[in-house]
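One structure below.
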Amino acid sequence: MDTIREMISRQCIAKKVEELADKLNADYEGREVVLVCVLKGAAMFAADLMRHIKLDMTIEYMELGSYDGSESTGKMRIKKDFDADISGKDVIVIEDIVDTGFTLQFLYEHLVAKDAASVAFCVLLSNPTRRKEGAREPEYVGFVIPNQFAIGYGLDYDGKLRQLPFVGSLVMVQD
Ligand code: IMP
Ligand code: MG
């Protein structure tokens with residue numbers, strides 16, 4: 001039976017989300033921003049974060065997939081893109097977790113190709129252990145976590161457990 005261990009409580013997440021929003025509000029003051037929420041994992045984070053954003057903003061949604069089922073191969077494909085014109089605009093990508101950094105790199109190139117004036121990344125979690133050398137580092141990070149598989153608050157295991165209001169780690173027990 002697998003057990004879920006709470007890593008970050010909903011109260012801690014709520015406080016951090018406000019802190020991140022405050023930083024974005026200060027750093028982008030007076031500018032028009034486009035948030036890009038990476039589905040499905042960042043949906044809950046983006047929904048909570050944008051409630052605290054006081055900037056002139058719009059939000060777009062993208063969904064990525066991989067060709068072979070594992071998300072950390074670097075072989076990404078876009079399952080859902082957006083049509084909005086972001087040329088000359090400041091883009092802030094909202095992502096659930098950065099692991100190897102392939103996803104961030106892929107998104108960066110894609111959004112620069114769409115002519116964004118700037119592209120920054122705001123991620124809830126960072127697992128730096130598995131980062132590939134030279135990978136993009138996010139500008140805004142909620143929590144740095146140890147090398148454990150994170151679930152909850154949008155993050156899934158095999159599509160499940162996204163609804164948990166806290167971030168947990170999955171402890172897999174062989175029985
Ligand atoms: P990267 O491309 O290796 O940085 O992986 C980032 C993507 O892999 C995220 O968007 C997540 O969808 C997924 N991912 C990486 N680590 C975890 C985890 O611990 N739990 C859930 N999803 C993860
Ligand atoms: Mg993802």
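Identifiers in the structure tokens: chain A, B, ... in order shown; residue index from 1 per chain; ligand index from 1 in order shown.
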
Return as a PyMOL selection string every polymer residue, whether protein, DNA or RNA, with at least one atom no more than 9 Å from an atom of ligand 1; count only C-alpha atoms and all ligand atoms.
chain A and resi 38-42+64-65+70-74+76+95-106+125-127+130-132+135+147-152+154-158+169-170

Ile59 (chain A) proximity check over A:Arg31, A:Glu139, A:Lys79, A:Val91, using only C-alpha atoms: winner is A:Val91

Pick from A:Met172, A:Ile13, A:Leu124, A:Val93: nearest to Tyr108 (chain A), with only C-alpha atoms counted?
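Closest residue, counting only C-alpha atoms: A:Val93.
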
Quick one: residues within 7 Å of region 20-29 of chain A, only C-alpha atoms counted, chain neighbours fewer than 3 positions away excluded, as a list in words?
Lys16, Val17, Leu49, His52, Ile53, Lys54 and Leu55 of chain A

Just asking: which residues within region 24-161 of chain A are strand (DSSP E) according to DSSP, as number ranges by chain?
A: 32-39, 56-66, 76-80, 90-98, 118-126, 140-144, 150-151

As a count of residues only, please: every residue in region 6-110 of chain A that a backbone DSSP assignment puts in alpha helix (DSSP H).
35

Using only C-alpha atoms, which residue out of A:Lys160, A:Arg5, A:Arg77, A:Arg10 lies closest to His110 (chain A)?
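Closest to His110 (chain A), using only C-alpha atoms: A:Arg77.
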